[in-house]
file work.pdb (PDB, C-alpha atoms)
ATOM      1  CA  MET A 199     -40.694  -2.033 -44.432
ATOM      2  CA  MET A 200     -39.008   1.051 -45.909
ATOM      3  CA  THR A 201     -41.492   3.377 -44.285
ATOM      4  CA  TRP A 202     -40.752   1.809 -40.917
ATOM      5  CA  TRP A 203     -37.051   2.379 -41.493
ATOM      6  CA  ARG A 204     -37.581   5.933 -42.662
ATOM      7  CA  ASN A 205     -39.783   6.601 -39.670
ATOM      8  CA  TRP A 206     -37.146   5.175 -37.345
ATOM      9  CA  LEU A 207     -34.473   7.406 -38.873
ATOM     10  CA  ARG A 208     -36.690  10.467 -38.702
ATOM     11  CA  ASP A 209     -37.688   9.733 -35.123
ATOM     12  CA  GLN A 210     -35.738  11.972 -32.783
ATOM     13  CA  ARG A 211     -37.073  10.604 -29.507
ATOM     14  CA  GLY A 212     -34.260   9.252 -27.348
ATOM     15  CA  ALA A 213     -31.596  10.587 -29.681
ATOM     16  CA  VAL A 214     -29.734  12.448 -26.905
ATOM     17  CA  ASP A 215     -29.792   9.360 -24.704
ATOM     18  CA  LEU A 216     -28.421   7.195 -27.483
ATOM     19  CA  ILE A 217     -25.544   9.548 -28.236
ATOM     20  CA  GLN A 218     -24.785   9.947 -24.547
ATOM     21  CA  PHE A 219     -24.672   6.165 -24.242
ATOM     22  CA  ALA A 220     -22.361   5.890 -27.241
ATOM     23  CA  LEU A 221     -20.048   8.480 -25.706
ATOM     24  CA  ILE A 222     -20.034   6.837 -22.284
ATOM     25  CA  LEU A 223     -19.654   3.254 -23.560
ATOM     26  CA  PRO A 224     -15.850   3.289 -24.087
ATOM     27  CA  ILE A 225     -15.335   4.872 -20.664
ATOM     28  CA  MET A 226     -17.624   2.277 -19.123
ATOM     29  CA  ILE A 227     -15.767  -0.593 -20.807
ATOM     30  CA  LEU A 228     -12.461   0.928 -19.687
ATOM     31  CA  ILE A 229     -13.643   1.155 -16.086
ATOM     32  CA  ILE A 230     -15.111  -2.355 -15.953
ATOM     33  CA  PHE A 231     -12.172  -4.158 -17.579
ATOM     34  CA  GLY A 232      -9.680  -1.839 -15.904
ATOM     35  CA  SER A 233     -11.020  -2.717 -12.478
ATOM     36  CA  TYR A 234     -10.583  -6.403 -13.314
ATOM     37  CA  GLU A 235      -6.954  -5.762 -14.274
ATOM     38  CA  ILE A 236      -6.322  -3.830 -11.063
ATOM     39  CA  TRP A 237      -7.901  -6.630  -9.076
ATOM     40  CA  ARG A 238      -5.581  -9.122 -10.784
ATOM     41  CA  LEU A 239      -2.564  -6.942 -10.041
ATOM     42  CA  VAL A 240      -3.508  -6.535  -6.371
ATOM     43  CA  SER A 241      -4.219 -10.254  -6.061
ATOM     44  CA  VAL A 242      -0.820 -11.231  -7.509
ATOM     45  CA  LYS A 243       0.927  -8.627  -5.349
ATOM     46  CA  GLN A 244      -0.856 -10.036  -2.301
ATOM     47  CA  SER A 245       0.219 -13.601  -3.176
ATOM     48  CA  LEU A 246       3.790 -12.404  -3.606
ATOM     49  CA  TYR A 247       3.622 -10.634  -0.246
ATOM     50  CA  ALA A 248       2.122 -13.685   1.503
ATOM     51  CA  GLY A 249       4.742 -16.007   0.016
ATOM     52  CA  THR A 250       7.648 -13.739   0.945
ATOM     53  CA  TYR A 251       6.264 -13.200   4.446
ATOM     54  CA  GLN A 252       5.800 -16.940   5.034
ATOM     55  CA  ALA A 253       9.274 -17.663   3.672
ATOM     56  CA  ALA A 254      10.842 -15.024   5.931
ATOM     57  CA  ARG A 255       8.959 -16.430   8.898
ATOM     58  CA  TYR A 256      10.120 -19.963   8.043
ATOM     59  CA  VAL A 257      13.758 -18.871   7.765
ATOM     60  CA  SER A 258      13.415 -16.873  10.966
ATOM     61  CA  LEU A 259      12.189 -19.861  12.986
ATOM     62  CA  ASN A 260      14.156 -22.711  11.377
ATOM     63  CA  TYR A 261      17.557 -21.222  10.579
ATOM     64  CA  LEU A 262      19.162 -22.304  13.850
ATOM     65  CA  ILE A 263      17.899 -25.861  13.307
ATOM     66  CA  ASP A 264      18.568 -26.471   9.623
ATOM     67  CA  GLY A 265      21.122 -23.784   8.708
ATOM     68  CA  PRO A 266      21.341 -22.432   5.145
ATOM     69  CA  ALA A 267      19.315 -25.452   3.922
ATOM     70  CA  VAL A 268      16.166 -23.474   4.852
ATOM     71  CA  GLN A 269      16.667 -21.476   1.684
ATOM     72  CA  ALA A 270      15.368 -24.310  -0.515
ATOM     73  CA  VAL A 271      12.214 -24.596   1.613
ATOM     74  CA  ALA A 272      11.738 -20.823   1.531
ATOM     75  CA  ASP A 273      11.921 -20.866  -2.274
ATOM     76  CA  GLU A 274       9.359 -23.652  -2.298
ATOM     77  CA  ILE A 275       7.005 -21.692  -0.043
ATOM     78  CA  ILE A 276       7.088 -18.674  -2.342
ATOM     79  CA  VAL A 277       6.537 -20.721  -5.514
ATOM     80  CA  LYS A 278       3.697 -22.653  -3.872
ATOM     81  CA  GLU A 279       1.967 -19.469  -2.753
ATOM     82  CA  LEU A 280       2.160 -18.102  -6.296
ATOM     83  CA  THR A 281       0.894 -21.279  -7.975
ATOM     84  CA  ASN A 282      -2.031 -21.246  -5.551
ATOM     85  CA  ASN A 283      -3.167 -18.000  -7.170
ATOM     86  CA  ALA A 284      -5.721 -18.906  -9.842
ATOM     87  CA  LEU A 285      -5.109 -15.627 -11.695
ATOM     88  CA  LEU A 286      -1.536 -16.695 -12.470
ATOM     89  CA  SER A 287      -2.210 -19.552 -14.846
ATOM     90  CA  GLY A 288       0.761 -21.714 -15.779
ATOM     91  CA  ASP A 289       3.865 -19.555 -15.708
ATOM     92  CA  THR A 290       4.080 -17.550 -12.507
ATOM     93  CA  GLY A 291       6.585 -15.110 -13.986
ATOM     94  CA  LEU A 292       8.791 -15.352 -10.908
ATOM     95  CA  GLN A 293      12.100 -13.714 -11.822
ATOM     96  CA  SER A 294      14.319 -14.015  -8.785
ATOM     97  CA  ILE A 295      14.446 -14.656  -5.061
ATOM     98  CA  GLU A 296      17.426 -12.877  -3.532
ATOM     99  CA  TYR A 297      18.660 -13.505  -0.028
ATOM    100  CA  THR A 298      20.816 -11.088   1.941
ATOM    101  CA  PRO A 299      23.340 -12.179   3.143
ATOM    102  CA  ALA A 300      23.877 -14.278   0.014
ATOM    103  CA  GLY A 301      22.977 -17.915   0.527
ATOM    104  CA  LEU A 302      21.907 -17.066   4.089
ATOM    105  CA  ALA A 303      25.428 -18.020   5.136
ATOM    106  CA  GLY A 304      26.604 -17.669   8.713
ATOM    107  CA  LEU A 305      23.623 -15.970  10.320
ATOM    108  CA  ARG A 306      23.910 -15.526  14.068
ATOM    109  CA  PRO A 307      20.928 -15.476  16.445
ATOM    110  CA  TYR A 308      18.984 -12.219  16.107
ATOM    111  CA  GLN A 309      20.916 -11.137  13.054
ATOM    112  CA  PHE A 310      18.827  -9.540  10.309
ATOM    113  CA  PHE A 311      18.330 -11.069   6.892
ATOM    114  CA  ARG A 312      16.357  -9.959   3.877
ATOM    115  CA  ILE A 313      14.343 -11.745   1.200
ATOM    116  CA  ARG A 314      13.634  -9.890  -2.005
ATOM    117  CA  THR A 315      11.355 -11.437  -4.634
ATOM    118  CA  THR A 316      10.836 -10.076  -8.110
ATOM    119  CA  LEU A 317       7.941 -11.089 -10.325
ATOM    120  CA  ARG A 318       7.395 -10.022 -13.905
ATOM    121  CA  LEU A 319       3.709  -9.989 -14.712
ATOM    122  CA  PRO A 320       2.916  -9.959 -18.448
ATOM    123  CA  TRP A 321       0.298  -7.336 -19.193
ATOM    124  CA  PRO A 322      -1.250  -8.198 -22.568
ATOM    125  CA  VAL A 323      -4.652  -6.657 -21.998
ATOM    126  CA  ILE A 324      -3.757  -2.958 -22.028
ATOM    127  CA  ILE A 325      -2.445  -2.864 -25.621
ATOM    128  CA  PRO A 326      -3.505  -6.085 -27.384
ATOM    129  CA  PHE A 327      -1.572  -5.819 -30.697
ATOM    130  CA  LEU A 328       2.017  -4.910 -29.893
ATOM    131  CA  PRO A 329       5.207  -6.778 -30.909
ATOM    132  CA  THR A 330       6.691  -6.660 -27.396
ATOM    133  CA  GLN A 331       4.111  -7.195 -24.702
ATOM    134  CA  PRO A 332       4.230  -4.721 -21.838
ATOM    135  CA  SER A 333       4.834  -6.120 -18.402
ATOM    136  CA  ILE A 334       4.743  -4.944 -14.828
ATOM    137  CA  THR A 335       7.512  -5.826 -12.398
ATOM    138  CA  LEU A 336       6.403  -6.435  -8.827
ATOM    139  CA  VAL A 337       9.001  -6.373  -6.059
ATOM    140  CA  GLU A 338       8.443  -7.528  -2.514
ATOM    141  CA  GLN A 339      10.957  -7.272   0.323
ATOM    142  CA  GLN A 340      10.872  -8.668   3.819
ATOM    143  CA  THR A 341      13.439  -7.919   6.482
ATOM    144  CA  SER A 342      13.381 -10.250   9.441
ATOM    145  CA  PHE A 343      15.702 -11.696  12.060
ATOM    146  CA  VAL A 344      16.774 -15.141  13.212
ATOM    147  CA  GLU A 345      14.608 -15.980  16.188
ATOM    148  CA  ALA A 346      16.368 -17.825  18.994
ATOM    149  CA  GLY A 347      13.970 -17.645  21.915
ATOM    150  CA  PRO A 348      14.312 -15.305  24.865
ATOM    151  CA  THR A 349      17.853 -14.103  25.504
ATOM    152  CA  ARG A 350      17.301 -12.854  29.022
ATOM    153  CA  PHE A 351      16.767 -15.407  31.776
ATOM    154  CA  LEU A 352      14.958 -15.207  35.042
ATOM    155  CA  PRO A 353      17.219 -15.924  38.014
ATOM    156  CA  THR A 354      16.666 -19.466  39.187
ATOM    157  CA  PRO A 355      14.907 -19.391  42.568
ATOM    158  CA  THR A 356      17.142 -20.407  45.431
ATOM    159  CA  PRO A 357      15.961 -23.748  46.811
ATOM    160  CA  THR A 358      14.507 -23.470  50.301
ATOM    161  CA  PRO A 359      16.159 -25.843  52.722
TER     162      PRO A 359
ATOM    163  CA  MET B 678     -41.206  51.995 -10.945
ATOM    164  CA  ALA B 679     -42.188  51.902 -14.550
ATOM    165  CA  THR B 680     -38.599  52.296 -15.616
ATOM    166  CA  LEU B 681     -37.631  49.280 -13.557
ATOM    167  CA  VAL B 682     -40.242  47.132 -15.233
ATOM    168  CA  GLU B 683     -39.102  48.424 -18.593
ATOM    169  CA  GLU B 684     -35.512  47.618 -17.783
ATOM    170  CA  GLN B 685     -36.442  44.092 -16.855
ATOM    171  CA  ARG B 686     -38.385  43.751 -20.045
ATOM    172  CA  SER B 687     -35.471  44.900 -22.145
ATOM    173  CA  GLU B 688     -33.272  42.452 -20.284
ATOM    174  CA  THR B 689     -35.569  39.544 -21.013
ATOM    175  CA  ARG B 690     -35.800  40.659 -24.617
ATOM    176  CA  PHE B 691     -32.041  40.695 -24.797
ATOM    177  CA  LEU B 692     -31.914  37.159 -23.399
ATOM    178  CA  ARG B 693     -34.560  36.088 -25.845
ATOM    179  CA  GLU B 694     -32.948  37.643 -28.897
ATOM    180  CA  ASN B 695     -29.226  37.101 -28.326
ATOM    181  CA  ARG B 696     -28.222  34.152 -30.466
ATOM    182  CA  PHE B 697     -25.758  32.590 -28.014
ATOM    183  CA  LEU B 698     -27.875  33.022 -24.907
ATOM    184  CA  LYS B 699     -30.981  31.826 -26.708
ATOM    185  CA  ASP B 700     -29.295  28.607 -27.686
ATOM    186  CA  GLN B 701     -30.339  25.824 -25.353
ATOM    187  CA  ARG B 702     -28.382  23.019 -26.977
ATOM    188  CA  GLY B 703     -25.544  21.466 -25.027
ATOM    189  CA  SER B 704     -27.269  21.400 -21.650
ATOM    190  CA  THR B 705     -25.729  17.951 -21.090
ATOM    191  CA  LEU B 706     -22.301  19.534 -21.531
ATOM    192  CA  ILE B 707     -23.035  21.833 -18.604
ATOM    193  CA  GLN B 708     -24.165  18.845 -16.554
ATOM    194  CA  PHE B 709     -20.876  17.158 -17.387
ATOM    195  CA  ILE B 710     -18.823  20.245 -16.474
ATOM    196  CA  LEU B 711     -20.682  20.557 -13.162
ATOM    197  CA  LEU B 712     -20.077  16.903 -12.300
ATOM    198  CA  LEU B 713     -16.447  16.729 -13.469
ATOM    199  CA  PRO B 714     -14.832  18.248 -10.322
ATOM    200  CA  VAL B 715     -16.884  15.965  -8.078
ATOM    201  CA  PHE B 716     -15.890  12.965 -10.181
ATOM    202  CA  LEU B 717     -12.207  13.975 -10.124
ATOM    203  CA  ILE B 718     -12.236  14.515  -6.351
ATOM    204  CA  VAL B 719     -13.726  11.051  -5.820
ATOM    205  CA  VAL B 720     -11.272   9.267  -8.133
ATOM    206  CA  LEU B 721      -8.085  11.136  -7.155
ATOM    207  CA  GLY B 722      -9.121  11.083  -3.492
ATOM    208  CA  ALA B 723      -9.441   7.310  -3.654
ATOM    209  CA  VAL B 724      -5.883   7.073  -4.979
ATOM    210  CA  GLU B 725      -4.572   9.243  -2.127
ATOM    211  CA  VAL B 726      -6.442   7.199   0.486
ATOM    212  CA  TRP B 727      -4.938   4.052  -1.017
ATOM    213  CA  LYS B 728      -1.439   5.575  -0.786
ATOM    214  CA  VAL B 729      -1.871   6.539   2.878
ATOM    215  CA  LEU B 730      -3.173   3.049   3.712
ATOM    216  CA  SER B 731      -0.193   1.497   1.942
ATOM    217  CA  VAL B 732       2.291   3.490   4.068
ATOM    218  CA  LYS B 733       0.240   2.770   7.182
ATOM    219  CA  GLN B 734       0.434  -0.955   6.392
ATOM    220  CA  SER B 735       4.226  -0.788   6.005
ATOM    221  CA  LEU B 736       4.528   1.044   9.323
ATOM    222  CA  HIS B 737       2.331  -1.602  10.924
ATOM    223  CA  ALA B 738       4.517  -4.416   9.541
ATOM    224  CA  GLY B 739       7.660  -2.700  10.821
ATOM    225  CA  THR B 740       6.260  -1.977  14.286
ATOM    226  CA  TYR B 741       5.075  -5.567  14.571
ATOM    227  CA  GLN B 742       8.548  -6.870  13.701
ATOM    228  CA  ALA B 743      10.210  -4.444  16.127
ATOM    229  CA  THR B 744       7.871  -5.466  18.952
ATOM    230  CA  ARG B 745       8.572  -9.125  18.317
ATOM    231  CA  TYR B 746      12.296  -8.424  18.243
ATOM    232  CA  LEU B 747      12.222  -6.552  21.554
ATOM    233  CA  THR B 748       9.990  -9.192  23.124
ATOM    234  CA  LEU B 749      12.677 -11.834  22.583
ATOM    235  CA  TYR B 750      15.904  -9.835  22.456
ATOM    236  CA  ASN B 751      15.960  -7.454  25.383
ATOM    237  CA  GLU B 752      19.101  -7.920  27.437
ATOM    238  CA  PRO B 753      19.930  -4.819  29.480
ATOM    239  CA  ARG B 754      22.426  -2.453  27.798
ATOM    240  CA  SER B 755      22.192  -4.415  24.533
ATOM    241  CA  ASN B 756      21.116  -1.444  22.338
ATOM    242  CA  ALA B 757      18.304  -3.635  20.977
ATOM    243  CA  GLU B 758      16.242  -0.459  20.479
ATOM    244  CA  ILE B 759      18.584   0.650  17.701
ATOM    245  CA  ASP B 760      18.014  -2.641  15.870
ATOM    246  CA  ALA B 761      14.263  -2.328  16.438
ATOM    247  CA  PHE B 762      14.324   1.171  14.961
ATOM    248  CA  ASN B 763      16.235  -0.175  11.959
ATOM    249  CA  LEU B 764      13.592  -2.866  11.500
ATOM    250  CA  ILE B 765      10.831  -0.251  11.306
ATOM    251  CA  GLN B 766      12.871   1.911   8.970
ATOM    252  CA  THR B 767      13.646  -1.006   6.646
ATOM    253  CA  ALA B 768       9.998  -2.040   6.521
ATOM    254  CA  LEU B 769       9.097   1.523   5.536
ATOM    255  CA  LEU B 770      11.800   1.712   2.883
ATOM    256  CA  ASN B 771      10.461  -1.519   1.392
ATOM    257  CA  ASN B 772       7.434   0.551   0.431
ATOM    258  CA  GLY B 773       7.950   2.210  -2.927
ATOM    259  CA  LEU B 774       6.135   5.404  -1.904
ATOM    260  CA  VAL B 775       8.420   5.954   1.106
ATOM    261  CA  ALA B 776      11.524   4.962  -0.865
ATOM    262  CA  ASP B 777      10.657   7.539  -3.542
ATOM    263  CA  ALA B 778      10.241  10.274  -0.924
ATOM    264  CA  VAL B 779      13.633   9.430   0.591
ATOM    265  CA  GLN B 780      15.205   9.395  -2.855
ATOM    266  CA  ARG B 781      13.869  12.922  -3.429
ATOM    267  CA  GLY B 782      15.818  13.931  -0.322
ATOM    268  CA  GLU B 783      12.825  14.305   1.984
ATOM    269  CA  SER B 784      13.108  13.582   5.707
ATOM    270  CA  LEU B 785      10.855  10.905   7.128
ATOM    271  CA  ASN B 786      10.804  12.090  10.756
ATOM    272  CA  LEU B 787      10.312   8.574  12.051
ATOM    273  CA  ARG B 788      10.048   8.560  15.834
ATOM    274  CA  VAL B 789       9.798   5.452  17.980
ATOM    275  CA  VAL B 790       8.770   5.812  21.614
ATOM    276  CA  TYR B 791       8.382   3.098  24.238
ATOM    277  CA  TYR B 792       5.939   3.101  27.117
ATOM    278  CA  ASP B 793       5.713   0.846  30.144
ATOM    279  CA  ARG B 794       2.445  -0.597  31.399
ATOM    280  CA  PHE B 795       1.624   2.614  33.313
ATOM    281  CA  GLY B 796       1.882   4.662  30.151
ATOM    282  CA  ARG B 797       5.167   6.262  31.223
ATOM    283  CA  GLN B 798       7.779   6.765  28.565
ATOM    284  CA  VAL B 799      10.864   4.591  29.067
ATOM    285  CA  GLU B 800      14.324   5.532  27.821
ATOM    286  CA  PRO B 801      15.982   3.995  25.918
ATOM    287  CA  GLY B 802      13.322   1.289  25.830
ATOM    288  CA  PRO B 803      12.153  -2.116  27.038
ATOM    289  CA  THR B 804      15.719  -3.277  27.780
ATOM    290  CA  ILE B 805      15.531  -1.448  31.145
ATOM    291  CA  LEU B 806      12.278  -3.171  32.096
ATOM    292  CA  ASP B 807      12.050  -6.256  34.312
ATOM    293  CA  CYS B 808      11.079  -9.724  33.147
ATOM    294  CA  ASP B 809       7.422 -10.203  32.075
ATOM    295  CA  GLU B 810       6.786  -6.446  32.083
ATOM    296  CA  PRO B 811       4.486  -5.368  29.257
ATOM    297  CA  PHE B 812       5.540  -2.492  27.035
ATOM    298  CA  THR B 813       4.138  -0.534  24.119
ATOM    299  CA  VAL B 814       5.968   0.429  20.960
ATOM    300  CA  ARG B 815       4.618   3.555  19.327
ATOM    301  CA  ALA B 816       6.011   4.632  15.966
ATOM    302  CA  THR B 817       5.029   7.926  14.385
ATOM    303  CA  LEU B 818       5.944   8.951  10.895
ATOM    304  CA  SER B 819       5.574  12.434   9.488
ATOM    305  CA  MET B 820       6.330  12.408   5.816
ATOM    306  CA  PRO B 821       5.898  15.058   3.136
ATOM    307  CA  TRP B 822       3.040  14.101   0.902
ATOM    308  CA  MET B 823       3.041  14.451  -2.847
ATOM    309  CA  THR B 824      -0.396  14.132  -4.377
ATOM    310  CA  ILE B 825      -0.795  12.963  -7.958
ATOM    311  CA  VAL B 826      -2.281  16.394  -8.734
ATOM    312  CA  PRO B 827       0.896  18.377  -9.409
ATOM    313  CA  TRP B 828      -0.136  21.937  -8.504
ATOM    314  CA  LEU B 829      -1.561  21.214  -5.064
ATOM    315  CA  PRO B 830       0.528  22.508  -2.143
ATOM    316  CA  SER B 831       2.618  19.821  -0.486
ATOM    317  CA  ILE B 832       1.529  18.791   2.990
ATOM    318  CA  ARG B 833       2.929  16.539   5.695
ATOM    319  CA  VAL B 834       1.002  13.431   6.595
ATOM    320  CA  ASN B 835       1.298  11.992  10.097
ATOM    321  CA  ILE B 836       0.834   8.256  10.417
ATOM    322  CA  GLY B 837       1.131   6.337  13.680
ATOM    323  CA  ASP B 838       1.067   2.738  14.749
ATOM    324  CA  GLU B 839       1.184   0.985  18.088
ATOM    325  CA  HIS B 840       1.947  -2.527  19.277
ATOM    326  CA  ASN B 841       2.097  -4.180  22.665
ATOM    327  CA  GLY B 842       4.704  -6.698  23.766
ATOM    328  CA  HIS B 843       6.236  -7.972  26.937
ATOM    329  CA  VAL B 844       9.753  -8.719  28.125
ATOM    330  CA  GLU B 845      10.015 -12.444  27.515
ATOM    331  CA  CYS B 846      12.451 -14.290  29.754
ATOM    332  CA  GLY B 847      13.437 -17.934  29.734
ATOM    333  CA  ARG B 848      13.059 -19.923  32.853
TER     334      ARG B 848
END

call {"tool": "encode", "arguments": {"input": "work.pdb", "output": "structure tokens"}}
result
Amino acid sequence: MMTWWRNWLRDQRGAVDLIQFALILPIMILIIFGSYEIWRLVSVKQSLYAGTYQAARYVSLNYLIDGPAVQAVADEIIVKELTNNALLSGDTGLQSIEYTPAGLAGLRPYQFFRIRTTLRLPWPVIIPFLPTQPSITLVEQQTSFVEAGPTRFLPTPTPTP
Amino acid sequence: MATLVEEQRSETRFLRENRFLKDQRGSTLIQFILLLPVFLIVVLGAVEVWKVLSVKQSLHAGTYQATRYLTLYNEPRSNAEIDAFNLIQTALLNNGLVADAVQRGESLNLRVVYYDRFGRQVEPGPTILDCDEPFTVRATLSMPWMTIVPWLPSIRVNIGDEHNGHVECGR
């Protein structure tokens, strides 16, 4: 038993490979887990973008029908899009949804409005043991306009007698 | 001739006997040093490509919005082109990379040109076209580019995007 151990220690075959592996291992772990974290970040950002885009589109098409009440539905669309993301378990971290003009009040046809969503993504993986966990703030903005159908009209053809 | 051979011999002896040159340990270090620039170019290049694609995507979103706007809102002499330009500009400023460049005081050189269905440029834009006429919105952006490698010379990156629409009229 001891001779086997002593032989193993004395054996220098593969020593360079082993040390190389030991040196590369932390970098490899960093790259593998880091790419997962980046994927999560991109996925959440994409959900935030999709939600904000859908909300802006909803407001754009329905404002002239429902008025400022569309804001509640727009909020719902954004929250739903975020909860659909499996990588955001439980708390979505949604901070605020800001509308410009405030409350979407008094928009005229083809007037611009803006939706700005802020999401605070807790980031516990980078530094595991820290009193205050680091976080990343994602901001998404969409500028759109109130759609009201075509504004120019073809001349009505004169009826032939 | 003989002297040449002798010289070569002395050279090889020097290589053989010099302690530093004789040392063959650390050959992996040289491998690493040779591969490092290639590795850095691949990684940093990927970041730059990602940044360009991000700006391109913002320009695409803006041009799409502007085309939709002009498709529906195109009364003659309505200055709708100014609003369309603002839509593209806002979409670009929503991108953090573009917003940072503007904050540094850089000019964006955003140019929006409209073409009719024959490829002729129309001024000021689709508002002078007739009903149901197709048009093309072409936005080009030339922005100063800051790479994440600090000592590289700054360059300008040209990004363009194009969308087709038509003058929609109610009947």

call {"tool": "resolve_selection", "arguments": {"input": "work.pdb", "expression": "the ChimeraX specification (/B :<8) & /A", "output": "MDAnalysis selection string"}}
result
chainID A and resid 308 338:343 345:354

call {"tool": "write_last_selection", "arguments": {"input": "work.pdb", "atoms": "C-alpha atoms", "output": "mmCIF file, in the coordinates of the input"}}
result
data_model
loop_
_atom_site.group_PDB
_atom_site.id
_atom_site.type_symbol
_atom_site.label_atom_id
_atom_site.label_comp_id
_atom_site.auth_asym_id
_atom_site.auth_seq_id
_atom_site.Cartn_x
_atom_site.Cartn_y
_atom_site.Cartn_z
ATOM 1 C CA TYR A 308 18.984 -12.219 16.107
ATOM 2 C CA GLU A 338 8.443 -7.528 -2.514
ATOM 3 C CA GLN A 339 10.957 -7.272 0.323
ATOM 4 C CA GLN A 340 10.872 -8.668 3.819
ATOM 5 C CA THR A 341 13.439 -7.919 6.482
ATOM 6 C CA SER A 342 13.381 -10.250 9.441
ATOM 7 C CA PHE A 343 15.702 -11.696 12.060
ATOM 8 C CA GLU A 345 14.608 -15.980 16.188
ATOM 9 C CA ALA A 346 16.368 -17.825 18.994
ATOM 10 C CA GLY A 347 13.970 -17.645 21.915
ATOM 11 C CA PRO A 348 14.312 -15.305 24.865
ATOM 12 C CA THR A 349 17.853 -14.103 25.504
ATOM 13 C CA ARG A 350 17.301 -12.854 29.022
ATOM 14 C CA PHE A 351 16.767 -15.407 31.776
ATOM 15 C CA LEU A 352 14.958 -15.207 35.042
ATOM 16 C CA PRO A 353 17.219 -15.924 38.014
ATOM 17 C CA THR A 354 16.666 -19.466 39.187
#

call {"tool": "residues_around", "arguments": {"input": "work.pdb", "residues": "Ile295 of chain A", "least_positions_apart": "6", "cutoff": "12 Å", "atoms": "all atoms listed in the file", "output": "PyMOL selection string"}}
result
chain A and resi 246+249-250+253-254+269-270+272-277+301+312-317+337-340

call {"tool": "write_last_selection", "arguments": {"input": "work.pdb", "atoms": "C-alpha atoms", "output": "PDB file, in the coordinates of the input"}}
result
ATOM      1  CA  LEU A 246       3.790 -12.404  -3.606  1.00  0.00           C
ATOM      2  CA  GLY A 249       4.742 -16.007   0.016  1.00  0.00           C
ATOM      3  CA  THR A 250       7.648 -13.739   0.945  1.00  0.00           C
ATOM      4  CA  ALA A 253       9.274 -17.663   3.672  1.00  0.00           C
ATOM      5  CA  ALA A 254      10.842 -15.024   5.931  1.00  0.00           C
ATOM      6  CA  GLN A 269      16.667 -21.476   1.684  1.00  0.00           C
ATOM      7  CA  ALA A 270      15.368 -24.310  -0.515  1.00  0.00           C
ATOM      8  CA  ALA A 272      11.738 -20.823   1.531  1.00  0.00           C
ATOM      9  CA  ASP A 273      11.921 -20.866  -2.274  1.00  0.00           C
ATOM     10  CA  GLU A 274       9.359 -23.652  -2.298  1.00  0.00           C
ATOM     11  CA  ILE A 275       7.005 -21.692  -0.043  1.00  0.00           C
ATOM     12  CA  ILE A 276       7.088 -18.674  -2.342  1.00  0.00           C
ATOM     13  CA  VAL A 277       6.537 -20.721  -5.514  1.00  0.00           C
ATOM     14  CA  GLY A 301      22.977 -17.915   0.527  1.00  0.00           C
ATOM     15  CA  ARG A 312      16.357  -9.959   3.877  1.00  0.00           C
ATOM     16  CA  ILE A 313      14.343 -11.745   1.200  1.00  0.00           C
ATOM     17  CA  ARG A 314      13.634  -9.890  -2.005  1.00  0.00           C
ATOM     18  CA  THR A 315      11.355 -11.437  -4.634  1.00  0.00           C
ATOM     19  CA  THR A 316      10.836 -10.076  -8.110  1.00  0.00           C
ATOM     20  CA  LEU A 317       7.941 -11.089 -10.325  1.00  0.00           C
ATOM     21  CA  VAL A 337       9.001  -6.373  -6.059  1.00  0.00           C
ATOM     22  CA  GLU A 338       8.443  -7.528  -2.514  1.00  0.00           C
ATOM     23  CA  GLN A 339      10.957  -7.272   0.323  1.00  0.00           C
ATOM     24  CA  GLN A 340      10.872  -8.668   3.819  1.00  0.00           C
TER      25      GLN A 340
END

call {"tool": "atom_distance", "arguments": {"input": "work.pdb", "atom1": "atom CA of Leu207 of chain A", "atom2": "atom CA of Gln701 of chain B"}}
result
23.2 Å

call {"tool": "axis_aligned_box", "arguments": {"input": "work.pdb", "around": "segment 760-764 of chain B", "padding_each_side": "6 Å", "output": "lines of an AutoDock Vina configuration file"}}
result
center_x = 15.8
center_y = -0.8
center_z = 14.0
size_x = 16.4
size_y = 16.0
size_z = 16.9

call {"tool": "resolve_selection", "arguments": {"input": "work.pdb", "expression": "the PyMOL selection byres ((chain B and resi 786-801) around 8)", "output": "list in words"}}
result
Glu758, Phe762, Gln766, Ser784, Leu785, Gly802, Pro803, Thr804, Ile805, Leu806, Glu810, Pro811, Phe812, Thr813, Val814, Arg815, Ala816, Thr817, Leu818, Ser819 and Met820 of chain B

call {"tool": "resolve_selection", "arguments": {"input": "work.pdb", "expression": "the PyMOL selection byres ((chain A and resi 334) around 8)", "output": "ChimeraX atom specification"}}
result
/A:318-321,332-333,335-336

call {"tool": "atom_distance", "arguments": {"input": "work.pdb", "atom1": "atom CA of Ala761 of chain B", "atom2": "atom CA of Thr740 of chain B"}}
result
8.3 Å

call {"tool": "residues_around", "arguments": {"input": "work.pdb", "residues": "Val826 of chain B", "least_positions_apart": "2", "cutoff": "12 Å", "atoms": "only C-alpha atoms", "output": "list in words"}}
result
Leu717, Ile718, Val720, Leu721, Gly722, Val724, Glu725, Trp822, Met823, Thr824, Trp828, Leu829, Pro830 and Ser831 of chain B

call {"tool": "atom_distance", "arguments": {"input": "work.pdb", "atom1": "atom CA of Leu302 of chain A", "atom2": "atom CA of Leu280 of chain A"}}
result
22.3 Å

call {"tool": "closest_residue", "arguments": {"input": "work.pdb", "among": "A:Leu285, A:Val268, A:Ile227, A:Ile236", "to": "Tyr297 of chain A", "atoms": "only C-alpha atoms"}}
result
A:Val268

call {"tool": "closest_residue", "arguments": {"input": "work.pdb", "among": "B:Leu769, B:Ile832, B:Arg690, B:Ile759", "to": "Gln734 of chain B", "atoms": "all atoms listed in the file"}}
result
B:Leu769
